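What follows is the content of my_file_10.cif (mmCIF, C-alpha atoms).
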```cif
data_input
loop_
_atom_site.label_atom_id
_atom_site.label_comp_id
_atom_site.auth_asym_id
_atom_site.auth_seq_id
_atom_site.Cartn_x
_atom_site.Cartn_y
_atom_site.Cartn_z
CA MET A 1 -9.78 -1.11 13.49
CA HIS A 2 -8.22 1.92 15.11
CA LYS A 3 -4.69 2.92 14.35
CA LYS A 4 -2.27 0.75 16.33
CA LEU A 5 1.23 1.79 17.19
CA PHE A 6 3.89 -0.32 18.83
CA LEU A 7 6.64 1.67 20.56
CA PHE A 8 10.19 0.33 20.67
CA LEU A 9 13.11 2.61 21.40
CA GLY A 10 11.27 5.53 19.87
CA LEU A 11 10.39 3.62 16.69
CA PHE A 12 6.86 2.93 15.53
CA ALA A 13 5.42 0.11 13.47
CA ALA A 14 1.97 -1.34 12.86
CA LEU A 15 0.45 -3.73 10.35
CA ALA A 16 -2.76 -5.51 9.41
CA SER A 17 -3.94 -8.04 6.85
CA CYS A 18 -7.18 -8.93 5.17
CA VAL A 19 -8.38 -11.53 2.69
CA VAL A 20 -11.71 -11.37 0.91
CA ALA A 21 -13.25 -14.09 -1.23
CA GLN A 22 -16.77 -13.37 -2.43
CA SER A 23 -19.06 -12.73 -5.36
CA ASN A 24 -19.19 -9.16 -6.63
CA ASN A 25 -22.13 -6.80 -6.77
CA SER A 26 -22.25 -3.64 -8.87
CA LEU A 27 -21.14 -0.70 -6.75
CA LYS A 28 -21.09 3.02 -7.50
CA PRO A 29 -17.59 4.31 -8.20
CA VAL A 30 -15.85 6.21 -5.43
CA ALA A 31 -14.18 9.39 -6.68
CA VAL A 32 -10.44 9.63 -6.18
CA ARG A 33 -10.04 12.62 -3.89
CA TRP A 34 -6.29 12.89 -3.30
CA VAL A 35 -3.46 11.65 -5.49
CA VAL A 36 0.27 12.32 -5.39
CA GLY A 37 2.46 11.61 -8.39
CA GLU A 38 1.87 9.27 -11.28
CA THR A 39 1.11 5.57 -11.11
CA GLY A 40 2.68 2.88 -13.27
CA ASN A 41 5.36 0.46 -12.17
CA GLY A 42 4.98 -2.09 -14.94
CA PRO A 43 7.84 -3.44 -17.04
CA ASN A 44 7.65 -0.47 -19.39
CA ALA A 45 7.59 2.23 -16.71
CA ASN A 46 10.03 5.07 -17.30
CA ASP A 47 12.30 5.29 -14.25
CA THR A 48 13.14 8.93 -14.95
CA ASN A 49 9.58 10.15 -15.41
CA GLU A 50 9.17 13.49 -13.61
CA GLY A 51 5.64 12.44 -12.71
CA ASP A 52 7.17 9.81 -10.47
CA ARG A 53 8.63 12.53 -8.25
CA ALA A 54 6.12 13.30 -5.52
CA ARG A 55 6.35 15.64 -2.57
CA ILE A 56 5.78 14.12 0.85
CA VAL A 57 2.11 14.01 1.79
CA PRO A 58 0.90 16.93 3.94
CA THR A 59 -1.34 15.60 6.70
CA LYS A 60 -4.50 17.23 8.00
CA ASN A 61 -2.66 17.95 11.25
CA ALA A 62 0.09 19.99 9.58
CA GLU A 63 -0.07 23.71 10.34
CA ALA A 64 -1.03 25.82 7.34
CA ASN A 65 2.03 28.03 7.71
CA ALA A 66 4.45 25.28 8.71
CA GLU A 67 7.81 25.51 7.01
CA VAL A 68 8.21 22.54 4.68
CA LYS A 69 11.71 21.11 4.60
CA SER A 70 13.43 22.07 1.36
CA ALA A 71 13.77 19.55 -1.46
CA ILE A 72 11.99 16.71 0.38
CA TYR A 73 10.92 14.53 -2.49
CA VAL A 74 10.44 10.80 -2.82
CA LYS A 75 10.10 8.59 -5.83
CA VAL A 76 6.93 6.91 -4.63
CA ALA A 77 6.76 4.50 -7.57
CA SER A 78 10.35 3.42 -6.92
CA VAL A 79 9.52 2.68 -3.28
CA GLU A 80 6.51 0.65 -4.35
CA GLN A 81 8.52 -1.32 -6.87
CA THR A 82 11.24 -2.06 -4.30
CA VAL A 83 8.67 -3.52 -1.90
CA PHE A 84 7.15 -5.58 -4.69
CA ASN A 85 10.54 -6.88 -5.84
CA LEU A 86 11.53 -7.90 -2.31
CA ILE A 87 8.34 -9.92 -2.00
CA ASN A 88 8.81 -11.58 -5.38
CA GLN A 89 12.41 -12.36 -4.47
CA LYS A 90 11.21 -14.18 -1.35
CA ARG A 91 8.62 -16.09 -3.38
CA ALA A 92 11.24 -17.12 -5.93
CA GLU A 93 13.57 -18.33 -3.16
CA LEU A 94 10.78 -20.63 -1.97
CA GLY A 95 10.05 -21.94 -5.46
CA LEU A 96 6.79 -20.01 -5.80
CA LYS A 97 5.66 -18.23 -8.94
CA THR A 98 6.33 -14.51 -8.83
CA LEU A 99 3.38 -12.13 -8.72
CA ILE A 100 2.45 -10.14 -11.83
CA TRP A 101 2.32 -6.37 -11.39
CA ASN A 102 -1.09 -4.81 -12.09
CA ASP A 103 -1.29 -1.03 -12.56
CA ASP A 104 -4.99 -0.96 -11.65
CA LEU A 105 -4.21 -2.61 -8.31
CA GLU A 106 -1.46 -0.04 -7.75
CA LYS A 107 -3.96 2.80 -8.09
CA ILE A 108 -6.24 1.10 -5.55
CA ALA A 109 -3.37 0.42 -3.15
CA ARG A 110 -1.78 3.86 -3.42
CA GLY A 111 -5.13 5.58 -3.07
CA HIS A 112 -5.79 3.76 0.20
CA SER A 113 -2.30 4.51 1.55
CA GLU A 114 -2.71 8.18 0.68
CA ASN A 115 -6.11 8.26 2.33
CA MET A 116 -4.69 6.79 5.55
CA ALA A 117 -1.77 9.22 5.45
CA GLU A 118 -3.85 12.33 4.82
CA TYR A 119 -6.55 11.56 7.38
CA ASP A 120 -4.27 9.94 9.97
CA PHE A 121 -5.89 6.52 10.40
CA PHE A 122 -4.79 2.91 9.96
CA SER A 123 -7.42 0.43 8.86
CA HIS A 124 -8.48 -1.79 5.99
CA ARG A 125 -11.72 0.17 5.83
CA GLY A 126 -11.59 3.73 4.57
CA LEU A 127 -13.41 6.54 6.32
CA ASP A 128 -16.23 5.84 3.86
CA GLY A 129 -16.54 2.34 5.35
CA LYS A 130 -15.39 0.62 2.17
CA ALA A 131 -12.95 -2.33 2.14
CA VAL A 132 -10.54 -3.44 -0.57
CA SER A 133 -13.26 -5.45 -2.31
CA ASP A 134 -15.40 -2.32 -2.57
CA ARG A 135 -12.48 -0.25 -3.83
CA ALA A 136 -11.70 -2.86 -6.49
CA ASP A 137 -15.32 -2.93 -7.67
CA ALA A 138 -15.43 0.87 -7.75
CA ALA A 139 -12.30 0.86 -9.92
CA GLY A 140 -13.99 -1.46 -12.42
CA LEU A 141 -12.24 -4.68 -11.37
CA SER A 142 -15.47 -6.60 -10.86
CA LYS A 143 -14.46 -9.93 -12.40
CA TRP A 144 -12.36 -11.38 -9.60
CA ARG A 145 -12.60 -14.58 -7.60
CA SER A 146 -10.52 -13.63 -4.56
CA ILE A 147 -8.92 -10.42 -3.34
CA GLY A 148 -6.64 -9.72 -0.40
CA GLU A 149 -4.84 -6.82 1.23
CA ASN A 150 -1.89 -6.23 3.56
CA ILE A 151 -1.27 -2.85 5.14
CA ALA A 152 1.65 -1.60 7.22
CA PHE A 153 2.73 1.60 8.95
CA ASN A 154 6.09 2.59 10.34
CA ARG A 155 8.08 5.66 11.31
CA GLY A 156 11.66 6.24 12.42
CA TYR A 157 13.42 3.31 10.75
CA ALA A 158 16.56 3.70 8.67
CA ASP A 159 15.06 1.38 6.04
CA PRO A 160 11.24 1.66 6.21
CA ILE A 161 10.82 -0.50 3.11
CA ALA A 162 12.72 -3.46 4.52
CA LYS A 163 10.95 -2.98 7.86
CA ALA A 164 7.51 -3.20 6.28
CA VAL A 165 8.39 -6.39 4.41
CA ASP A 166 10.03 -7.84 7.53
CA LEU A 167 6.91 -7.11 9.59
CA TRP A 168 4.74 -8.84 7.03
CA LEU A 169 7.00 -11.88 6.76
CA ASN A 170 7.10 -12.27 10.54
CA SER A 171 3.33 -12.23 10.91
CA PRO A 172 1.57 -15.52 9.98
CA SER A 173 -1.50 -13.89 8.43
CA HIS A 174 0.52 -11.41 6.38
CA LYS A 175 3.04 -14.04 5.36
CA ASN A 176 0.20 -16.24 4.17
CA ASN A 177 -0.91 -13.47 1.82
CA LEU A 178 2.62 -12.74 0.59
CA LEU A 179 3.50 -16.36 -0.09
CA SER A 180 0.14 -17.80 -1.09
CA ALA A 181 0.03 -19.73 -4.36
CA THR A 182 -3.54 -18.45 -4.79
CA TRP A 183 -2.59 -14.98 -5.92
CA LYS A 184 -1.55 -14.25 -9.49
CA GLU A 185 -1.57 -10.43 -9.66
CA SER A 186 -0.60 -7.78 -7.13
CA ALA A 187 0.69 -4.24 -6.60
CA VAL A 188 1.93 -2.02 -3.81
CA GLY A 189 0.87 1.54 -3.00
CA VAL A 190 2.80 3.83 -0.66
CA ALA A 191 2.25 7.23 0.95
CA ILE A 192 4.74 9.19 3.07
CA THR A 193 3.90 12.06 5.42
CA GLU A 194 5.94 15.09 6.40
CA ASP A 195 6.90 13.52 9.73
CA GLY A 196 8.45 10.52 7.96
CA SER A 197 5.57 8.08 8.47
CA TYR A 198 5.26 5.42 5.77
CA TYR A 199 1.92 3.85 4.88
CA PHE A 200 2.06 0.68 2.78
CA THR A 201 -0.82 -1.16 1.08
CA GLN A 202 -0.46 -4.29 -1.01
CA VAL A 203 -3.45 -5.69 -2.91
CA PHE A 204 -3.58 -9.27 -4.20
CA LEU A 205 -5.97 -10.53 -6.89
CA LEU A 206 -7.15 -13.77 -8.46
CA ARG A 207 -9.39 -13.31 -11.46
CA LYS A 208 -12.36 -15.49 -12.34
#
```
Would you put the structure from the file into structure tokens?
Amino acid sequence: MHKKLFLFLGLFAALASCVVAQSNNSLKPVAVRWVVGETGNGPNANDTNEGDRARIVPTKNAEANAEVKSAIYVKVASVEQTVFNLINQKRAELGLKTLIWNDDLEKIARGHSENMAEYDFFSHRGLDGKAVSDRADAAGLSKWRSIGENIAFNRGYADPIAKAVDLWLNSPSHKNNLLSATWKESAVGVAITEDGSYYFTQVFLLRK
């Protein structure tokens, strides 16, 4: 799927969802090629960890000598946790069990968001052709029964986090992933580019 952008008063937003349910085969690990900041949003995560502070992602299209805006930093892990909490809040309001955060899923989700941000594409499949099921297997999460993924992209909104969640909740396929009783574990991964584009990936997992 090519990158899709919807223009509305100068604001951009796009999203996509995917659910996979299949048996796993052994796959060769895919090396992590680009990582910003530290992962780890679990209950014991240190909110003041300096590793959580990550500079905005430089894209391949950025000029080598471009002047980077001073002190542009984002707490990527905090953004991810906010998205996750908003989704769990909605589930709780509907009487559904809240999702359990999984650090391994965060690494998978953030890696995919960073890949999309760096190479300027928007798709469930990476440039290597691999989908979320392949990325999970490569990360060593081979013992799963079902796996799913939501992705979103937006730029120019005052609250990009709320916009991403709102887009998902207003799309039947994405909403089905967010509010499904099937999923037990999940995590969100985010990447942000110098032009203020936000890439969101949420991975859902049901173990065997």
Checklist entry - Written as a ChimeraX atom specification, what is the full residue list that the PyMOL selection byres ((chain A and resi 147) around 6) yields on the file shown? => result /A:20,146,148,204-205
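Atom to atom, CA of Ala152 in chain A and CA of Gly95 in chain A stand 25.4 Å apart.
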Item to check | Residues in the PyMOL selection byres ((chain A and resi 179) around 10), expressed as a PyMOL selection string | outcome: chain A and resi 87-88+90-92+94+96-99+169+174-178+180-183
Item to check | Polymer residues at most 9 Å from Glu106 in chain A, only C-alpha atoms, same-chain spacing of 2 or more positions, as a count of residues only | outcome: 19
Item to check | Residues in the PyMOL selection byres ((chain A and resi 126-128) around 8), expressed as a ChimeraX atom specification | outcome: /A:112,115-116,123-125,129-131
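Relative to CA of Tyr198 in chain A, CA of Tyr119 in chain A is found at 13.4 Å.
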